[in-house]
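Printed here is query03.cif (mmCIF, C-alpha atoms):
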```cif
data_input
#
loop_
_atom_site.label_atom_id
_atom_site.label_comp_id
_atom_site.auth_asym_id
_atom_site.auth_seq_id
_atom_site.Cartn_x
_atom_site.Cartn_y
_atom_site.Cartn_z
CA MET A 1 -22.31 -34.93 -4.25
CA SER A 2 -18.63 -34.45 -3.55
CA PRO A 3 -17.64 -31.27 -1.75
CA GLN A 4 -16.43 -28.45 -3.97
CA LYS A 5 -12.66 -28.20 -4.06
CA MET A 6 -11.43 -24.80 -3.03
CA SER A 7 -8.52 -23.20 -4.87
CA VAL A 8 -6.30 -20.69 -3.10
CA ARG A 9 -6.15 -17.28 -4.79
CA ARG A 10 -3.63 -14.48 -4.50
CA VAL A 11 -4.69 -11.72 -2.14
CA ALA A 12 -3.98 -8.18 -3.31
CA VAL A 13 -3.22 -5.24 -1.06
CA VAL A 14 -4.98 -2.44 -2.94
CA GLY A 15 -4.37 0.50 -0.61
CA GLY A 16 -4.66 1.89 2.87
CA ALA A 17 -5.82 4.89 4.84
CA ARG A 18 -5.07 5.99 8.38
CA ILE A 19 -5.35 9.09 10.48
CA PRO A 20 -2.17 10.73 11.79
CA PHE A 21 -1.12 9.12 15.06
CA ALA A 22 -1.19 11.37 18.12
CA ARG A 23 0.38 11.23 21.55
CA SER A 24 -2.05 10.26 24.27
CA ASP A 25 -3.93 13.08 26.02
CA GLY A 26 -3.26 15.30 23.02
CA PRO A 27 -5.39 16.24 19.98
CA TYR A 28 -7.43 13.02 20.15
CA ALA A 29 -7.96 13.05 23.92
CA THR A 30 -11.75 13.14 23.48
CA ALA A 31 -11.91 10.87 20.42
CA SER A 32 -13.20 7.33 20.86
CA ASN A 33 -11.94 4.22 19.13
CA GLN A 34 -15.04 4.26 16.97
CA GLN A 35 -14.60 7.89 15.92
CA MET A 36 -10.97 7.38 14.95
CA LEU A 37 -11.61 4.12 13.14
CA THR A 38 -14.55 5.68 11.30
CA ALA A 39 -12.36 8.55 10.10
CA ALA A 40 -9.74 6.14 8.76
CA LEU A 41 -12.39 3.94 7.14
CA ASP A 42 -14.14 6.90 5.53
CA GLY A 43 -10.83 8.00 4.03
CA LEU A 44 -10.43 4.57 2.45
CA VAL A 45 -14.04 4.45 1.21
CA GLU A 46 -13.77 7.85 -0.46
CA ARG A 47 -10.39 7.13 -2.02
CA TYR A 48 -11.48 3.88 -3.63
CA GLY A 49 -15.19 4.52 -4.21
CA LEU A 50 -16.51 1.84 -1.88
CA GLN A 51 -19.85 3.41 -0.99
CA GLU A 52 -22.26 1.13 -2.87
CA ALA A 53 -23.80 -2.04 -1.47
CA GLY A 54 -21.58 -5.08 -1.90
CA ALA A 55 -18.45 -3.10 -2.68
CA VAL A 56 -16.75 -4.60 0.37
CA GLY A 57 -17.38 -8.17 1.47
CA GLU A 58 -16.66 -7.51 5.13
CA PHE A 59 -14.86 -5.28 7.61
CA VAL A 60 -12.51 -6.82 10.19
CA ALA A 61 -10.99 -4.66 12.92
CA GLY A 62 -10.25 -4.46 16.61
CA ALA A 63 -8.91 -2.51 19.55
CA VAL A 64 -6.90 -3.49 22.59
CA LEU A 65 -8.16 -0.90 25.07
CA LYS A 66 -11.92 -1.24 24.70
CA HIS A 67 -14.86 0.13 26.63
CA SER A 68 -17.87 -2.13 27.11
CA ARG A 69 -19.59 0.02 24.51
CA ASP A 70 -16.99 -1.19 22.00
CA PHE A 71 -18.08 -4.81 22.22
CA ASN A 72 -19.18 -4.61 18.54
CA LEU A 73 -16.65 -1.98 17.46
CA ALA A 74 -16.19 -3.02 13.83
CA ARG A 75 -19.90 -3.25 13.10
CA GLU A 76 -20.72 0.02 14.85
CA THR A 77 -17.92 1.66 12.88
CA VAL A 78 -19.48 0.47 9.63
CA LEU A 79 -22.88 1.82 10.66
CA GLY A 80 -21.37 5.23 11.38
CA SER A 81 -19.22 5.35 8.26
CA LYS A 82 -19.64 5.91 4.53
CA LEU A 83 -19.30 2.18 3.90
CA HIS A 84 -22.66 0.62 3.02
CA PRO A 85 -24.56 -0.38 6.20
CA ALA A 86 -25.20 -3.86 4.76
CA THR A 87 -21.47 -4.65 5.09
CA PRO A 88 -20.85 -7.44 7.66
CA ALA A 89 -18.19 -6.74 10.29
CA TYR A 90 -16.57 -8.40 13.25
CA ASP A 91 -13.93 -7.70 15.90
CA ILE A 92 -10.59 -9.39 16.45
CA GLN A 93 -7.92 -8.85 19.12
CA GLN A 94 -4.36 -10.07 19.63
CA ALA A 95 -2.73 -7.20 21.50
CA CYS A 96 -0.21 -5.34 19.30
CA GLY A 97 -0.70 -7.95 16.57
CA THR A 98 -4.40 -7.10 16.19
CA GLY A 99 -4.10 -5.05 12.99
CA LEU A 100 -2.00 -7.65 11.20
CA GLN A 101 -4.21 -10.49 12.39
CA ALA A 102 -7.22 -8.60 11.05
CA VAL A 103 -5.47 -8.43 7.67
CA ILE A 104 -4.74 -12.17 7.82
CA ALA A 105 -8.33 -13.04 8.76
CA ALA A 106 -9.69 -11.03 5.85
CA ALA A 107 -7.06 -12.38 3.46
CA ASN A 108 -7.92 -15.98 4.28
CA LYS A 109 -11.52 -15.52 3.15
CA ILE A 110 -10.43 -13.83 -0.05
CA ALA A 111 -7.86 -16.56 -0.73
CA LEU A 112 -10.52 -19.25 -0.34
CA GLY A 113 -13.03 -17.44 -2.54
CA GLN A 114 -15.45 -16.75 0.30
CA THR A 115 -15.39 -13.03 -0.43
CA GLU A 116 -13.91 -10.81 -3.15
CA SER A 117 -12.88 -7.85 -1.03
CA ALA A 118 -12.47 -6.82 2.58
CA VAL A 119 -11.19 -4.00 4.74
CA ALA A 120 -9.05 -4.74 7.78
CA GLY A 121 -7.75 -2.43 10.45
CA GLY A 122 -7.67 -1.35 14.04
CA ALA A 123 -7.79 1.57 16.43
CA ASP A 124 -6.64 2.35 19.93
CA THR A 125 -6.76 5.29 22.28
CA ALA A 126 -4.60 5.48 25.35
CA SER A 127 -6.32 8.79 26.18
CA ASP A 128 -9.80 7.28 26.53
CA ALA A 129 -8.77 4.11 28.34
CA PRO A 130 -11.64 2.39 30.20
CA LEU A 131 -11.75 2.74 33.97
CA GLY A 132 -13.11 -0.26 35.83
CA VAL A 133 -15.34 -0.12 38.86
CA ASN A 134 -13.48 -1.00 42.05
CA ASP A 135 -14.00 -4.77 42.35
CA SER A 136 -15.19 -4.56 45.95
CA LEU A 137 -17.77 -1.96 44.92
CA ARG A 138 -18.83 -4.13 41.99
CA ARG A 139 -19.51 -7.06 44.31
CA ILE A 140 -21.56 -4.85 46.64
CA LEU A 141 -23.64 -3.52 43.73
CA LEU A 142 -24.28 -7.05 42.47
CA GLN A 143 -25.33 -8.10 45.98
CA ALA A 144 -27.75 -5.17 46.10
CA ARG A 145 -29.17 -6.12 42.72
CA ARG A 146 -29.81 -9.69 43.88
CA ALA A 147 -31.54 -8.59 47.08
CA LYS A 148 -35.23 -9.54 47.23
CA SER A 149 -36.37 -6.51 49.18
CA LEU A 150 -35.72 -2.81 49.63
CA GLY A 151 -34.28 -3.53 53.04
CA GLY A 152 -31.88 -6.05 51.57
CA ARG A 153 -30.70 -3.55 48.97
CA VAL A 154 -30.18 -0.86 51.60
CA LYS A 155 -28.24 -3.30 53.78
CA ALA A 156 -25.94 -4.18 50.90
CA LEU A 157 -25.37 -0.58 49.86
CA ALA A 158 -24.59 0.39 53.45
CA LYS A 159 -21.33 -1.54 53.06
CA VAL A 160 -19.99 1.05 50.59
CA ARG A 161 -16.95 2.90 51.95
CA PRO A 162 -14.99 5.85 50.46
CA GLY A 163 -12.20 3.52 49.36
CA HIS A 164 -14.66 1.61 47.20
CA LEU A 165 -15.12 4.70 45.01
CA VAL A 166 -11.53 4.60 43.74
CA PRO A 167 -11.64 3.15 40.18
CA ASP A 168 -9.40 0.41 38.85
CA ILE A 169 -6.89 2.20 36.63
CA PRO A 170 -5.64 0.23 33.58
CA ARG A 171 -1.99 -0.80 33.94
CA ASN A 172 0.49 -1.40 31.17
CA ALA A 173 1.64 -4.62 32.79
CA GLU A 174 1.55 -8.33 32.06
CA PRO A 175 -0.95 -9.98 34.43
CA ARG A 176 1.30 -12.99 35.06
CA THR A 177 4.44 -11.05 35.88
CA GLY A 178 3.34 -7.59 36.98
CA LEU A 179 6.06 -6.12 34.75
CA SER A 180 5.31 -3.48 32.13
CA MET A 181 6.23 -4.11 28.52
CA GLY A 182 9.11 -1.66 28.93
CA GLU A 183 10.44 -3.49 31.98
CA HIS A 184 10.26 -6.78 30.10
CA ALA A 185 12.12 -5.23 27.19
CA ALA A 186 14.78 -3.95 29.60
CA VAL A 187 15.33 -7.50 30.86
CA THR A 188 15.84 -8.71 27.29
CA ALA A 189 18.15 -5.80 26.49
CA ARG A 190 20.37 -6.66 29.44
CA ALA A 191 20.35 -10.38 28.65
CA ARG A 192 21.33 -9.79 25.03
CA GLY A 193 23.78 -6.97 25.64
CA ILE A 194 21.84 -4.34 23.66
CA GLY A 195 23.66 -1.04 24.24
CA ARG A 196 22.30 2.49 24.62
CA ALA A 197 24.11 3.99 21.61
CA ALA A 198 22.70 1.42 19.18
CA GLN A 199 19.18 2.02 20.50
CA ASP A 200 19.46 5.79 20.13
CA GLU A 201 20.84 5.47 16.61
CA LEU A 202 17.93 3.28 15.55
CA ALA A 203 15.39 5.65 17.13
CA ALA A 204 16.92 8.72 15.48
CA ALA A 205 16.91 6.98 12.10
CA SER A 206 13.20 6.20 12.50
CA HIS A 207 12.37 9.89 12.98
CA GLN A 208 14.67 11.05 10.20
CA ARG A 209 13.27 8.55 7.71
CA LEU A 210 9.66 9.30 8.58
CA ALA A 211 10.30 13.03 8.19
CA ALA A 212 11.92 12.47 4.80
CA ALA A 213 8.98 10.33 3.67
CA TYR A 214 6.52 13.07 4.58
CA GLU A 215 8.63 15.66 2.77
CA ARG A 216 8.62 13.68 -0.48
CA GLY A 217 4.85 13.18 -0.26
CA PHE A 218 4.94 9.45 0.36
CA PHE A 219 2.03 9.54 2.81
CA GLN A 220 -0.20 11.82 0.75
CA ASP A 221 -2.51 8.96 -0.25
CA LEU A 222 -2.12 6.99 2.98
CA VAL A 223 -2.83 9.55 5.73
CA VAL A 224 -6.18 11.29 6.21
CA PRO A 225 -6.12 14.54 8.28
CA PHE A 226 -8.07 14.31 11.52
CA ARG A 227 -8.79 16.86 14.27
CA GLY A 228 -6.21 19.33 13.07
CA LEU A 229 -3.38 16.87 12.47
CA ALA A 230 -1.94 16.13 9.04
CA ARG A 231 1.23 14.37 10.26
CA ASP A 232 2.06 12.01 13.08
CA GLN A 233 2.38 14.14 16.18
CA ASN A 234 5.21 12.12 17.70
CA LEU A 235 7.51 12.83 14.73
CA ARG A 236 10.66 14.78 15.65
CA PRO A 237 12.38 15.66 12.33
CA GLY A 238 15.45 17.04 14.08
CA SER A 239 16.01 13.94 16.18
CA THR A 240 19.62 12.73 16.38
CA ALA A 241 21.42 10.06 18.35
CA GLU A 242 23.32 12.82 20.14
CA LYS A 243 20.12 14.53 21.30
CA LEU A 244 18.58 11.22 22.38
CA ALA A 245 21.71 10.41 24.37
CA SER A 246 20.84 13.24 26.79
CA LEU A 247 17.58 11.63 27.92
CA LYS A 248 17.37 9.81 31.23
CA PRO A 249 16.52 6.09 31.31
CA VAL A 250 12.96 5.21 32.30
CA PHE A 251 13.02 1.38 32.24
CA GLY A 252 15.31 -1.09 33.96
CA LEU A 253 16.19 1.35 36.72
CA ASP A 254 16.57 -1.46 39.24
CA HIS A 255 19.81 -2.56 37.56
CA PRO A 256 23.07 -0.73 36.83
CA ASP A 257 23.48 1.16 33.55
CA PRO A 258 19.87 1.17 32.26
CA THR A 259 19.62 1.95 28.54
CA MET A 260 15.95 2.45 27.70
CA THR A 261 14.59 6.01 27.56
CA ALA A 262 11.42 7.73 26.43
CA GLY A 263 13.30 8.55 23.22
CA ASN A 264 14.13 4.98 22.24
CA SER A 265 10.76 3.61 23.40
CA THR A 266 7.38 4.05 21.76
CA PRO A 267 5.05 6.56 23.48
CA LEU A 268 1.42 5.89 24.39
CA THR A 269 -0.50 6.78 21.26
CA ASP A 270 -3.99 7.31 19.80
CA GLY A 271 -4.86 6.45 16.20
CA ALA A 272 -6.50 4.18 13.63
CA ALA A 273 -5.56 2.53 10.34
CA THR A 274 -7.27 0.50 7.59
CA VAL A 275 -6.22 -1.60 4.59
CA LEU A 276 -8.18 -2.62 1.48
CA LEU A 277 -7.66 -6.23 0.38
CA ALA A 278 -9.15 -7.95 -2.64
CA SER A 279 -8.92 -10.70 -5.20
CA GLU A 280 -7.11 -9.89 -8.43
CA GLU A 281 -10.39 -10.14 -10.32
CA TRP A 282 -12.12 -7.61 -8.07
CA ALA A 283 -9.26 -5.14 -8.46
CA ARG A 284 -9.14 -5.61 -12.22
CA GLU A 285 -12.87 -5.02 -12.63
CA ARG A 286 -12.52 -1.71 -10.79
CA GLY A 287 -9.42 -0.63 -12.67
CA LEU A 288 -7.29 -0.73 -9.53
CA GLU A 289 -3.64 -1.77 -9.62
CA PRO A 290 -2.67 -3.91 -6.61
CA LEU A 291 0.25 -2.49 -4.67
CA ALA A 292 1.45 -5.92 -3.57
CA TYR A 293 0.26 -9.40 -2.66
CA LEU A 294 0.06 -11.01 0.76
CA THR A 295 1.72 -14.39 0.21
CA ALA A 296 2.54 -15.86 3.64
CA TYR A 297 1.99 -15.28 7.34
CA GLU A 298 2.88 -16.94 10.63
CA THR A 299 2.21 -16.46 14.33
CA ALA A 300 4.15 -17.68 17.34
CA ALA A 301 4.21 -17.42 21.12
CA VAL A 302 6.92 -17.83 23.75
CA ASP A 303 7.02 -18.70 27.45
CA PHE A 304 8.10 -15.27 28.61
CA VAL A 305 7.11 -16.05 32.20
CA GLY A 306 9.82 -18.70 32.32
CA GLY A 307 12.01 -16.48 30.18
CA ASP A 308 12.24 -12.86 31.30
CA VAL A 309 11.18 -13.65 34.84
CA ALA A 310 13.09 -16.90 35.42
CA GLY A 311 16.23 -16.02 33.46
CA GLY A 312 15.42 -18.10 30.39
CA GLU A 313 16.16 -17.15 26.79
CA ASP A 314 12.76 -15.99 25.60
CA GLY A 315 11.59 -12.47 26.39
CA LEU A 316 8.08 -11.03 26.19
CA LEU A 317 8.62 -9.50 22.75
CA MET A 318 10.72 -12.25 21.16
CA ALA A 319 8.07 -14.45 19.50
CA PRO A 320 9.00 -13.15 16.00
CA ALA A 321 12.36 -14.90 16.54
CA TYR A 322 10.37 -18.12 16.08
CA ALA A 323 7.58 -17.03 13.73
CA VAL A 324 9.88 -15.64 11.02
CA PRO A 325 12.17 -18.70 10.72
CA ARG A 326 9.13 -21.00 10.44
CA MET A 327 7.53 -18.77 7.83
CA LEU A 328 10.71 -18.46 5.78
CA GLU A 329 11.32 -22.21 5.88
CA ARG A 330 7.81 -22.86 4.60
CA ALA A 331 8.26 -20.26 1.85
CA GLY A 332 11.75 -21.46 0.95
CA LEU A 333 13.23 -18.01 1.55
CA GLY A 334 16.00 -16.37 3.57
CA LEU A 335 16.43 -12.83 4.86
CA ALA A 336 18.65 -12.08 1.86
CA ASP A 337 15.62 -12.61 -0.40
CA PHE A 338 13.86 -9.53 0.99
CA ASP A 339 14.23 -6.07 -0.47
CA LEU A 340 12.53 -4.45 2.52
CA VAL A 341 12.05 -5.44 6.16
CA GLU A 342 9.45 -3.83 8.42
CA ILE A 343 9.86 -4.52 12.14
CA HIS A 344 7.39 -2.90 14.53
CA GLU A 345 9.43 -0.68 16.83
CA ALA A 346 7.84 -1.18 20.22
CA PHE A 347 11.31 -0.38 21.59
CA ALA A 348 14.61 0.11 19.84
CA SER A 349 16.09 -2.59 22.06
CA GLN A 350 13.41 -5.07 20.97
CA VAL A 351 14.16 -4.46 17.28
CA LEU A 352 17.88 -5.00 17.87
CA ALA A 353 17.20 -8.11 19.96
CA THR A 354 15.02 -9.54 17.20
CA LEU A 355 17.69 -8.92 14.55
CA ALA A 356 20.27 -10.60 16.78
CA ALA A 357 17.98 -13.59 17.36
CA TRP A 358 17.42 -14.07 13.62
CA GLU A 359 21.15 -13.96 13.04
CA LYS A 360 21.73 -16.46 15.84
CA ARG A 361 19.22 -18.80 14.23
CA GLY A 362 21.17 -18.71 10.99
CA LEU A 363 18.89 -16.39 8.99
CA GLY A 364 21.68 -13.91 8.30
CA THR A 365 21.77 -10.17 8.84
CA VAL A 366 19.43 -7.41 7.73
CA ASP A 367 21.00 -4.50 5.89
CA ARG A 368 19.92 -1.38 7.81
CA ALA A 369 19.32 0.36 4.48
CA ARG A 370 16.42 -2.08 3.96
CA LEU A 371 15.00 -1.82 7.50
CA ASN A 372 12.01 0.46 8.22
CA VAL A 373 12.99 2.72 5.35
CA VAL A 374 10.26 5.32 6.01
CA GLY A 375 10.41 5.08 9.77
CA SER A 376 8.24 3.01 12.06
CA SER A 377 6.61 3.03 15.48
CA LEU A 378 9.32 4.93 17.35
CA ALA A 379 8.55 7.90 15.11
CA THR A 380 4.89 7.37 14.20
CA GLY A 381 3.76 6.15 17.60
CA HIS A 382 1.94 2.90 18.33
CA PRO A 383 -1.86 2.80 18.76
CA PHE A 384 -1.77 -0.91 19.59
CA ALA A 385 -4.38 -2.36 17.22
CA ALA A 386 -3.65 0.09 14.40
CA THR A 387 0.04 -0.65 13.88
CA GLY A 388 -0.32 -3.82 11.80
CA ALA A 389 -2.60 -2.16 9.27
CA ARG A 390 -0.27 0.85 9.09
CA ILE A 391 2.70 -1.37 8.32
CA VAL A 392 0.89 -3.45 5.68
CA ALA A 393 -0.27 -0.39 3.74
CA THR A 394 3.12 1.32 4.07
CA LEU A 395 5.12 -1.71 2.93
CA ALA A 396 2.75 -2.42 0.04
CA LYS A 397 3.22 1.10 -1.29
CA LEU A 398 7.00 0.90 -0.85
CA LEU A 399 7.04 -2.28 -2.93
CA ALA A 400 4.82 -0.67 -5.57
CA GLU A 401 7.31 2.19 -5.96
CA ARG A 402 9.92 -0.25 -7.27
CA ASP A 403 10.12 -0.95 -10.99
CA ALA A 404 11.25 -4.55 -10.52
CA PRO A 405 9.66 -7.44 -8.60
CA ALA A 406 10.21 -7.02 -4.87
CA ARG A 407 9.52 -8.74 -1.58
CA GLY A 408 8.96 -7.39 1.94
CA LEU A 409 8.93 -8.93 5.41
CA ILE A 410 6.71 -7.80 8.31
CA SER A 411 7.43 -8.62 11.96
CA VAL A 412 5.18 -7.49 14.81
CA CYS A 413 5.75 -8.41 18.46
CA ALA A 414 2.80 -8.41 20.84
CA ALA A 415 1.94 -8.50 24.52
CA GLY A 416 1.43 -11.92 26.03
CA GLY A 417 4.66 -13.18 24.45
CA GLN A 418 3.22 -13.36 20.93
CA GLY A 419 4.35 -12.42 17.44
CA VAL A 420 2.65 -11.99 14.07
CA THR A 421 4.62 -11.97 10.81
CA ALA A 422 3.86 -11.81 7.11
CA ILE A 423 5.33 -11.56 3.62
CA LEU A 424 4.26 -9.12 0.90
CA GLU A 425 5.39 -9.53 -2.70
CA ARG A 426 5.10 -7.58 -5.92
CA ALA A 427 5.58 -9.58 -9.11
#
```
Let me see whether you can do it: turn the structure in this file into structure tokens.
Amino acid sequence: MSPQKMSVRRVAVVGGARIPFARSDGPYATASNQQMLTAALDGLVERYGLQEAGAVGEFVAGAVLKHSRDFNLARETVLGSKLHPATPAYDIQQACGTGLQAVIAAANKIALGQTESAVAGGADTASDAPLGVNDSLRRILLQARRAKSLGGRVKALAKVRPGHLVPDIPRNAEPRTGLSMGEHAAVTARARGIGRAAQDELAAASHQRLAAAYERGFFQDLVVPFRGLARDQNLRPGSTAEKLASLKPVFGLDHPDPTMTAGNSTPLTDGAATVLLASEEWARERGLEPLAYLTAYETAAVDFVGGDVAGGEDGLLMAPAYAVPRMLERAGLGLADFDLVEIHEAFASQVLATLAAWEKRGLGTVDRARLNVVGSSLATGHPFAATGARIVATLAKLLAERDAPARGLISVCAAGGQGVTAILERA
């Protein structure tokens, strides 16, 4: 018997739900990844009536900062949610690209007919970051466990000193360079001549646009209140470039004229987001109108160790400069073919550097009126694994608001010198 030929189907983005994003050590300080992700998932389940068995083929999600108890985060979230407990689930992780990669993983199965529907998402808490046991203490405890006698265990434990009780604190730094993401971004900003005024203008626009979107009710069916928040806590509606210009730089201080501040950089954030994906047939049977269709995606990675550190061209957050051109070439499209462009705003300087890199590679320029039109991470915040799902749901709804066919581009940079990109379309 010859193997069955698989046809590729269109994958619909039906809707999304997320909790408001909060600054770390704020309203969600005691909330776990699972609790936040469950709240976002429950909002999606209730909105689209997904409670019965088989309603969702699978749940794909992840987190970047995970406790050992989160080893099966997606599945445990399902078991604690209103989604049917017979729904399969699995975890995925690619730093800041986690949420978008979860969407891609789910979409691939739908496209190949392996499932009719799926939910993708992610959560992260910088407030409840795991603390590791001091490695020297860990080795002593393992030695004591292996001891064959009580005397052997006592001898091993007698090696414990006060310094061994100091935990290993998580660091926002690349293991191979020792530089934080902000310091890497500062290197790229200097190399590419990204000025302070342009960064502050982009950051202010993000806040202003997010505030305007909330005021017109855009997020009413996308954001689920959680622990007293109904809006993203980081949002500063009155933000202006002039106000941001008064802030002191916090990255790149080892060089003259640093430009990156807390105002034009994304704060540490807690939050969770989910997206409902499905085949056209599944959506039609349930009377649901797809917001948009996921039509292409691409990932890339760069040698940032030989770049930022050694003075090369490629910075830590510049992989989308390669992923987007490859994706557009495969799709036969250019930047001018997109009505909307969503670039994850890890830092204002990184967004500007990405735009400059695309232009250098001959893709053209992006009209700022089409860029992050309802704000992005500088205003919402950035719970690492949740950002991709937030952007997919937001862009899909923006496309659905248009009367005519429209197309949107997504670009997400990630730690480790990686980038995840995608295209959404509405026919």
Nearby residues, (11.4, -1.8, 19.0) file frame, 10 Å, all atoms listed in the file, as a PyMOL selection string: chain A and resi 185+199+202-203+264-266+317+343-354+376-378+412-413
Explicit residues for the PyMOL selection byres ((chain A and resi 416) around 12) (as a ChimeraX atom specification): /A:94-97,172-181,184,300-305,315-319,413-415,417-419
Got time to write the residues from that selection, C-alpha atoms, as a JSON list (two decimals), keeping the file's coordinate frame?
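Written out: out.json:
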```json
[["chain", "number", "residue", "atom", "x", "y", "z"],
["A", 94, "GLN", "CA", -4.36, -10.07, 19.63],
["A", 95, "ALA", "CA", -2.73, -7.20, 21.50],
["A", 96, "CYS", "CA", -0.21, -5.34, 19.30],
["A", 97, "GLY", "CA", -0.70, -7.95, 16.57],
["A", 172, "ASN", "CA", 0.49, -1.40, 31.17],
["A", 173, "ALA", "CA", 1.64, -4.62, 32.79],
["A", 174, "GLU", "CA", 1.55, -8.33, 32.06],
["A", 175, "PRO", "CA", -0.95, -9.98, 34.43],
["A", 176, "ARG", "CA", 1.30, -12.99, 35.06],
["A", 177, "THR", "CA", 4.44, -11.05, 35.88],
["A", 178, "GLY", "CA", 3.34, -7.59, 36.98],
["A", 179, "LEU", "CA", 6.06, -6.12, 34.75],
["A", 180, "SER", "CA", 5.31, -3.48, 32.13],
["A", 181, "MET", "CA", 6.23, -4.11, 28.52],
["A", 184, "HIS", "CA", 10.26, -6.78, 30.10],
["A", 300, "ALA", "CA", 4.15, -17.68, 17.34],
["A", 301, "ALA", "CA", 4.21, -17.42, 21.12],
["A", 302, "VAL", "CA", 6.92, -17.83, 23.75],
["A", 303, "ASP", "CA", 7.02, -18.70, 27.45],
["A", 304, "PHE", "CA", 8.10, -15.27, 28.61],
["A", 305, "VAL", "CA", 7.11, -16.05, 32.20],
["A", 315, "GLY", "CA", 11.59, -12.47, 26.39],
["A", 316, "LEU", "CA", 8.08, -11.03, 26.19],
["A", 317, "LEU", "CA", 8.62, -9.50, 22.75],
["A", 318, "MET", "CA", 10.72, -12.25, 21.16],
["A", 319, "ALA", "CA", 8.07, -14.45, 19.50],
["A", 413, "CYS", "CA", 5.75, -8.41, 18.46],
["A", 414, "ALA", "CA", 2.80, -8.41, 20.84],
["A", 415, "ALA", "CA", 1.94, -8.50, 24.52],
["A", 417, "GLY", "CA", 4.66, -13.18, 24.45],
["A", 418, "GLN", "CA", 3.22, -13.36, 20.93],
["A", 419, "GLY", "CA", 4.35, -12.42, 17.44]]
```
Result set, the PyMOL selection byres ((chain A and resi 205-210) around 9) on current file, as a PyMOL selection string: chain A and resi 200-204+211-215+234-241+345+372-380
Residues returned when the PyMOL selection byres ((chain A and resi 117-121) around 7) runs on this file, as a PyMOL selection string: chain A and resi 56-62+99+102-103+106+110+115-116+122+273-279+386+389
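In this structure, atom CA of A:Arg69 sits 20.5 Å away from atom CA of A:Thr269.
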Among listed residues A:Gly408, A:Pro249, A:Gly332, A:Gly217, nearest A:Leu294 (using only C-alpha atoms): A:Gly408
A:Asp339, A:Glu298, A:Asp70, A:Glu425 ranked by distance to A:Ala369, top pick (using all atoms listed in the file): A:Asp339
Proximity to A:Val14 - best of A:Leu44, A:Val160, A:Ile410, A:Ala323, all atoms listed in the file: A:Leu44
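Here atom CA of A:Ala31 stands at a distance of 7.8 Å from atom CA of A:Thr125.
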Find the axis-aligned box for stretch 353-361 of chain A, covering all its listed atoms and adding 3 Å on each side, and write its centre and edge lengths in Å to one decimal as lines of an AutoDock Vina configuration file.
```
center_x = 18.4
center_y = -13.5
center_z = 16.5
size_x = 12.7
size_y = 16.7
size_z = 12.9
```
Residues within 12 Å of A:Leu398, only C-alpha atoms, excluding chain neighbours under 4 positions, as a PyMOL selection string: chain A and resi 13+15+213+218-219+222+291-292+339-342+370-375+391-394+402-409+424-426
Protein and nucleic acid residues near (-12.9, -2.4, 26.0) (cut-off 12 Å, only C-alpha atoms) as a VMD selection string: chain A and resid 32 to 34 62 to 73 91 93 123 to 126 128 to 132 170
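Nearest residue to A:Ala53 among A:Ala39, A:Thr87, A:Lys243, A:Asp337 is A:Thr87, counting all atoms listed in the file.
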Who sits within 9 Å of A:Thr365, only C-alpha atoms, same chain under 6 positions skipped, as a VMD selection string: chain A and resid 335 to 336 355 to 356 358 to 359
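Among the candidates A:Val166, A:Val8, A:Val420, A:Leu268, the one nearest to A:Ser127 when counting only C-alpha atoms is A:Leu268.
Considering the residues A:Glu280, A:Ala198, A:Arg190, A:Phe384 and counting all atoms listed in the file, A:Gly311 has its shortest atom-to-atom contact with A:Arg190.
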Atom pair atom CA of A:Tyr322 / atom CA of A:Ala422: separation (Å): 12.8 Å
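For A:Ser81, the residues within 10 Å (counting all atoms listed in the file, excluding itself and residues fewer than 4 positions away along the chain) are Gln34, Gln35, Leu37, Thr38, Ala39, Ala40, Leu41, Asp42, Gly43, Val45, Gln51, Arg75, Glu76, Thr77 and Pro85 of chain A.
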